[in-house]
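See structure below.
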Amino acid sequence: MEQLASLIAATLSAGTPLLLAGIGLLINERSGILNLGAEGMMLIAAAAGFAVGFHTGSATAGLIAGAVAGVLFSLIFSGLAIGLVTNQYATGLALTLFGAGLSAFAGLAYVGKTVPFQTNFAIPGLSEIPFFGTALFKLHPMVYLALLLTGVVAWVLARTRLGLTIRAVGESPESAHAIGFPVRGIRVGTVAFGGACCGLAGAYLSLIYTPLWVEGMVAGRGWIALALTTFATWKPWRVALGAYLFGSVTMIQFALQAEGVEIASQLLSMLPYIATIVVLALVSRNPAFIRLNMPASLGKPFHP
Amino acid sequence: MLRLEARPVPSKLMGYAAPVIALAITVVFGTLLFLALGKNPAASLRVFFVTPLENARGLSEVALKMIPLLLCSLGLAICYRSNVWNIGAEGQLVVGGVAAGGMALLASPDSTRAFFVLVLLAGMLGGMAWAAITALLRDKFNANEILVSLMLTYVGGLLLIYLVNGPWKDPKGFNFPYSKTFDAAAMVPKLFAGTRLSWGVLIVVVVLAAAWIFLSKSKAGFRLQVAGQAPLAARFAGFSAREGIWASLLLCGALSGLAGALEVAGPLGQLTPQISPGYGFAAIIVAWLGRLHPGGCVFASFIMALIYIGGELSQSRLGLPAAITGVFQGMLLLALLTADTFIHYRLRKA
Amino acid sequence: MLNLRRSLLLTAMLAAIGLTAGLAGCGKEEPKPAAKPADAPKAAEAPKAAPKPEPLKIAFAYVGPVGDGGWTYAHDLGRKEAEKEFGDKIKTSFVENVPESADAERVIRDMASQGNKLIFGTTFGYMEPMLKVAPEFKDVKFEHATGYKSADNMRVYDVRAYEGAYVAGMIAGKMTKTNTLGFVASIPIPEVVRNINAFTLGAQSVNPKVKTKVVWINKWFDPGKEAEAATALINGGADVLLQNTDSPAVLQTAEKMGKLAFGWDSNMTSYGPKAHLGSAIINWAPYYKKAIKDALDGTWKGETNWWGMKEGAIDVVALGDMVPADVKKMAEDKKAEIKEGKFNVWSGPLMGNDGKEVLAKDAKGDDKFISGIMFYVKGVEGKVPSNK
């Protein structure tokens, strides 16, 4: 039983960087922009966050620095893809290449350094509850913050004027522009939000999840976060579900291995990806279901 | 305030000037970068743009590097022109390589010299099969092809690792995760002795011509693009969007699979856990830089191959870290994309 | 030869001119003829000692970035140390992040054609590429790490990392309370399987009840996955962990969860001082020095070098304060025994975890046996992935 509780806790921790990045990318996709530079932004932020955390000794400062780095980096994307109407896919991929190189270069001085942050937390009282205490209430504050962020994003998208505007821009930038919305300004804003969230996710990895900086340490999580938004059909709570599902499949796969279950581990490693494909196929089967949320202008250039 | 204004017709002049401008931007930024690193900028830039082309061997290596990039980018250009967002050429390349490798392992010392044709065909079929999964899920289940093709890339990579660790592992290889080296009959014949270039180059030239004719001249190619870009109009004209999905994905799968086959039955000569250093992803950039045009793809894959190789040379010649290569490559690509904008737009005072 | 003579002549002329100028500048007291013909050869002799022989050019091909803090980092430390030792007698360069694809052959060929006379390929995947390049450059020496194929001018080197894993296992066997060890494994090649076995055998030598759980992550490097695998092992009851992956994430996870672990490749104490029992390190410097010396002295010959604790290539260092003195002594004693060649990790009777005897009583595993190990010894749970 305690083992299951630990598994749940580990799943929530593993899902958090995916959730953070996924929720940011969701907002920017809702406004019609697909930024394939997520991996690059996370790497830049992981390096910047670690550097600041290392020099200030504060995890909070590091996380904020990561978010800021993510925003700054996302502005390159905005400048090109929104300002100069370059192709979003190619721009995003070039940004990932650039971010990987730049972070590796800038981070060289921090390889092998450590940051002594408190990584064990417990919510007084609640963490004493048997089973649930271990499973849910002994996690890093960022885990709860990510959930809070999901709630806020869900609320903003569904209930506020801002959310309505973002959705309108994503649905039909031409009409939104005709009504008088500053389409490009809103998109720069959502991309910056995506950058900030990817930044937080990257900094979470280098400061809290595995407190170290090494070149390429994001190891494809940016790509998974991108996949999550589609998997979630652009619904915030489903991003959370997907992030934890993805985290759990990896954790369950490892737990099975630790128990000596004899399956070729390469085949086991395929599980999360195959699961995503299968769920996606089932979810998308009803065309109405996916079209309800899919931003109609996703990935298409807009020029007023 | 400056604002972008669409040109009524794309600028011919900018079409030619854009790459030059991009190169100029990169040279300026590169000079600053190399100066900041305390390196001689002229020598550094030379290593990226001239040294790889200095001799026959260098040229042949650039050509060799271009082959997979060009094949994948042609396939992707077809997909993107049909409005099919396949970003999984990498997976299609890997599975093509796997299928080709599987066929190559069947060759024996007495196999006919033409056996390599089977290997290449197997590669194309493998790539097509992998792309067909994406097409099927998109067609029957309406599943987003960006996501499916990306996820399948991961699965394909793991499939390769599984096979070289398991069933296809070289029995005499001390359990290392590599297949045995292929028999000569399975290998694509060399074009010139002393280089690594194979007949693959000739095949690519043929494919290139075919792709150009298909996209620009043929009715089928036209239908495909109309069906993708204006599904409603296409329906009235009796073209189907479904056809577009299947045809473009299968073509891209075949080309990417061929690229994989040419890698394993060419310079590699065996199946290894890694047969591509990310050609399929790089080809997405190549396709856009090449403006989804076969000729453009040739130019873009040439630039891409150059900076790949220049990056290695800058390490061994100048002692620059590999990370700088990434920065430099990213910069060049972003500059190229920026310059490209001005083919279709111009700056005006608002 | 012609060139040499010409350059000697040139030096002589330059020296003569310099002498003239110097004398002219010095003063005019000695109105000697500036350069008598007989002076020329003398002047040539003086700088003869000064021009150094061309430094031996040496190149390293690395599979990862030098900043990976693991495998490539360790090789690069070795390179730097060799450079310190030989000073201007050698000139080294490296190319990092060389994929084990068709690119490796190009990089290695380029190194050879750039005048490097000694080339190190530091990962198994460079074996075939090096084999293809070696015959084209007969005067270049090729050194390939961890492989098994060689050529006239290409030889193989490797380290006995399992010796470190064994000693770490002994410490782990003493320190575990649950009698369950955890191993985060990367890619199922013999070297990694060997380390899992050695770790287990070491632990069993002091605590027969020990069993080892293994999780494969199928990557050499992914801190996040390494941490997740470590978590899974700890949840499964393991309380002492070792890894054959490249980052310190396993140690960090153990620290966070209040368990024990080791560093691997390099000394990782700082990543988890409370959890760190010790680090099993690889030191490539002694071998690189030897190989370079061979090349400089002209004594380089085809041979296989497999270095362990004896040669200083493997060690277990920085034992933590929580390790009791008697356990520390035990570890030091075993290290000494291994160094003296008195102890072989692969000594029969050795049982596979399928219950079959692999080595009979008193039999010793030779290098051929060791290089093909692809089974778990008794006490390791599960099965080596995709081992048909």
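A note on labels: chains of the structure tokens are A, B, ... as shown, every chain counts residues from 1, and ligands are counted from 1 in their shown order.
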At a cut-off of 9 Å, can you tabulate as CSV every residue of chain B near chain C together with its closest atom pair and the distance in Å to one decimal, using only C-alpha atoms and ordering rows by chain then number?
residue,atom,partner,partner_atom,distance
B:Glu61,CA,C:Arg106,CA,7.5
B:Lys65,CA,C:Asp103,CA,8.6
B:Leu158,CA,C:Asn218,CA,8.9
B:Ile161,CA,C:Asn218,CA,8.6
B:Tyr162,CA,C:Ser386,CA,7.2
B:Leu163,CA,C:Ser386,CA,8.5
B:Asn165,CA,C:Ser386,CA,6.2
B:Gly166,CA,C:Ser386,CA,4.7
B:Pro167,CA,C:Lys388,CA,7.1
B:Gly173,CA,C:Tyr148,CA,8.3
B:Phe174,CA,C:Gly372,CA,5.1
B:Asn175,CA,C:Ile189,CA,6.3
B:Phe176,CA,C:Ile189,CA,5.4
B:Pro177,CA,C:Ile189,CA,6.8
B:Tyr178,CA,C:Gly125,CA,8.6
B:Thr181,CA,C:Glu128,CA,8.8
B:Glu263,CA,C:Ala102,CA,7.3
B:Val264,CA,C:Ala102,CA,8.5
B:Gly266,CA,C:Ala102,CA,8.8
B:Pro267,CA,C:Ala102,CA,5.6
B:Leu268,CA,C:Ala102,CA,5.4
B:Gly269,CA,C:Glu128,CA,8.9
B:Thr272,CA,C:Ser101,CA,7.5
B:Pro273,CA,C:Glu100,CA,8.2
B:Gln274,CA,C:Ser101,CA,5.8
B:Ile275,CA,C:Ser101,CA,5.2
B:Ser276,CA,C:Ser101,CA,6.2
B:Pro277,CA,C:Pro99,CA,6.4
B:Ile309,CA,C:Val107,CA,8.7
B:Glu312,CA,C:Val95,CA,6.4
B:Leu313,CA,C:Val107,CA,8.2
B:Ser314,CA,C:Val95,CA,8.8
B:Gln315,CA,C:Val95,CA,5.5
B:Ser316,CA,C:Phe94,CA,5.8
B:Arg317,CA,C:Ser93,CA,8.1
B:Leu318,CA,C:Ser93,CA,8.9
B:Gly319,CA,C:Ser93,CA,6.8
B:Pro321,CA,C:Glu96,CA,7.6
B:Ala322,CA,C:Glu96,CA,6.2
B:Ala323,CA,C:Pro65,CA,8.5
Q.
Please list as a PyMOL selection string every residue within 9 Å of stretch 239-248 of chain A, counting only C-alpha atoms and excluding residues in the same chain fewer than 4 positions away.
A. chain A and resi 7-8+10-20+22-23+26+146-147+150+224-225+228-235+252-253+272-273+275-276
Those residues you just picked out, can you put them in a file as a tab-separated table (two decimals), in the first residue's frame with C-alpha atoms?
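This is the output file part26.tsv:
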chain	number	residue	atom	x	y	z
A	7	LEU	CA	4.18	5.53	-6.86
A	8	ILE	CA	1.42	8.13	-6.93
A	10	ALA	CA	6.46	9.96	-7.88
A	11	THR	CA	3.97	10.17	-10.74
A	12	LEU	CA	2.80	13.60	-9.64
A	13	SER	CA	6.39	14.84	-9.44
A	14	ALA	CA	7.28	13.35	-12.83
A	15	GLY	CA	4.19	14.86	-14.43
A	16	THR	CA	4.75	18.37	-13.10
A	17	PRO	CA	7.30	19.67	-15.64
A	18	LEU	CA	5.14	18.24	-18.43
A	19	LEU	CA	2.07	19.91	-16.98
A	20	LEU	CA	3.77	23.28	-16.53
A	22	GLY	CA	1.92	21.80	-21.51
A	23	ILE	CA	-0.38	24.35	-19.94
A	26	LEU	CA	-1.93	25.16	-24.60
A	146	ALA	CA	1.24	23.68	-11.38
A	147	LEU	CA	-2.23	22.44	-10.51
A	150	THR	CA	-4.07	24.74	-14.50
A	224	ILE	CA	6.13	15.47	-24.94
A	225	ALA	CA	4.58	18.65	-23.58
A	228	LEU	CA	0.14	16.65	-24.53
A	229	THR	CA	-1.77	19.69	-25.73
A	230	THR	CA	-3.14	17.77	-28.68
A	231	PHE	CA	-3.70	14.70	-26.54
A	232	ALA	CA	-5.74	16.92	-24.24
A	233	THR	CA	-7.70	18.39	-27.15
A	234	TRP	CA	-6.70	21.80	-25.84
A	235	LYS	CA	-8.51	21.44	-22.50
A	252	ILE	CA	4.73	1.96	-13.73
A	253	GLN	CA	7.09	0.68	-16.39
A	272	PRO	CA	3.75	5.88	-23.13
A	273	TYR	CA	3.94	6.80	-26.79
A	275	ALA	CA	-0.76	4.85	-25.17
A	276	THR	CA	-0.85	8.46	-26.32
Q.
Can you pull out the residues contacting stretch 347-349 of chain B? Cut-off 12 Å, using only C-alpha atoms, and skip same-chain residues under 6 positions away; I want them as a PyMOL selection string.
A. (chain A and resi 83-84) or (chain B and resi 1-7+341)
Q: Identify all residues of stretch 49-246 of chain A in alpha helix (DSSP H) (DSSP on the backbone) and supply them as a PyMOL selection string.
A: chain A and resi 49-56+59-77+88-107+132-136+141-159+161-171+173-179+183-204+221-231+236-246
Got a sec: who's within 10 Å of stretch 323-330 of chain C, counting only C-alpha atoms, leaving out chain neighbours fewer than 6 positions off, as an mmCIF file with N, CA, C and O atoms, in the first residue's frame?
data_model
loop_
_atom_site.group_PDB
_atom_site.id
_atom_site.type_symbol
_atom_site.label_atom_id
_atom_site.label_comp_id
_atom_site.auth_asym_id
_atom_site.auth_seq_id
_atom_site.Cartn_x
_atom_site.Cartn_y
_atom_site.Cartn_z
ATOM 1 N N VAL C 167 33.773 -3.794 -5.437
ATOM 2 C CA VAL C 167 34.095 -3.210 -4.127
ATOM 3 C C VAL C 167 32.905 -2.400 -3.609
ATOM 4 O O VAL C 167 32.548 -2.464 -2.431
ATOM 5 N N MET C 170 30.489 -4.724 -2.104
ATOM 6 C CA MET C 170 30.825 -5.172 -0.746
ATOM 7 C C MET C 170 30.343 -4.163 0.292
ATOM 8 O O MET C 170 29.772 -4.520 1.325
ATOM 9 N N ILE C 171 30.601 -2.885 -0.007
ATOM 10 C CA ILE C 171 30.153 -1.842 0.926
ATOM 11 C C ILE C 171 28.630 -1.868 1.019
ATOM 12 O O ILE C 171 28.054 -1.829 2.114
ATOM 13 N N ALA C 172 27.989 -1.981 -0.132
ATOM 14 C CA ALA C 172 26.526 -2.005 -0.168
ATOM 15 C C ALA C 172 25.987 -3.184 0.639
ATOM 16 O O ALA C 172 25.023 -3.054 1.394
ATOM 17 N N GLY C 173 26.613 -4.345 0.489
ATOM 18 C CA GLY C 173 26.170 -5.541 1.210
ATOM 19 C C GLY C 173 26.204 -5.339 2.709
ATOM 20 O O GLY C 173 25.347 -5.842 3.440
ATOM 21 N N LYS C 174 27.207 -4.595 3.167
ATOM 22 C CA LYS C 174 27.312 -4.324 4.606
ATOM 23 C C LYS C 174 26.302 -3.266 5.056
ATOM 24 O O LYS C 174 25.849 -3.279 6.196
ATOM 25 N N MET C 175 26.007 -2.327 4.175
ATOM 26 C CA MET C 175 25.198 -1.180 4.586
ATOM 27 C C MET C 175 23.697 -1.401 4.426
ATOM 28 O O MET C 175 22.897 -0.680 5.025
ATOM 29 N N VAL C 206 29.769 -10.599 1.247
ATOM 30 C CA VAL C 206 29.724 -10.233 2.661
ATOM 31 C C VAL C 206 28.336 -10.451 3.258
ATOM 32 O O VAL C 206 28.166 -10.396 4.468
ATOM 33 N N HIS C 276 26.056 9.518 -0.035
ATOM 34 C CA HIS C 276 27.206 9.073 -0.813
ATOM 35 C C HIS C 276 28.106 8.100 -0.041
ATOM 36 O O HIS C 276 28.822 8.496 0.877
ATOM 37 N N LEU C 277 28.052 6.834 -0.389
ATOM 38 C CA LEU C 277 28.894 5.832 0.273
ATOM 39 C C LEU C 277 30.310 5.864 -0.277
ATOM 40 O O LEU C 277 31.262 5.477 0.392
ATOM 41 N N GLY C 278 30.438 6.267 -1.520
ATOM 42 C CA GLY C 278 31.741 6.289 -2.173
ATOM 43 C C GLY C 278 31.501 6.422 -3.660
ATOM 44 O O GLY C 278 30.366 6.347 -4.119
ATOM 45 N N ALA C 336 43.403 -3.670 -2.369
ATOM 46 C CA ALA C 336 44.818 -4.066 -2.381
ATOM 47 C C ALA C 336 44.967 -5.450 -3.017
ATOM 48 O O ALA C 336 45.863 -5.691 -3.836
#
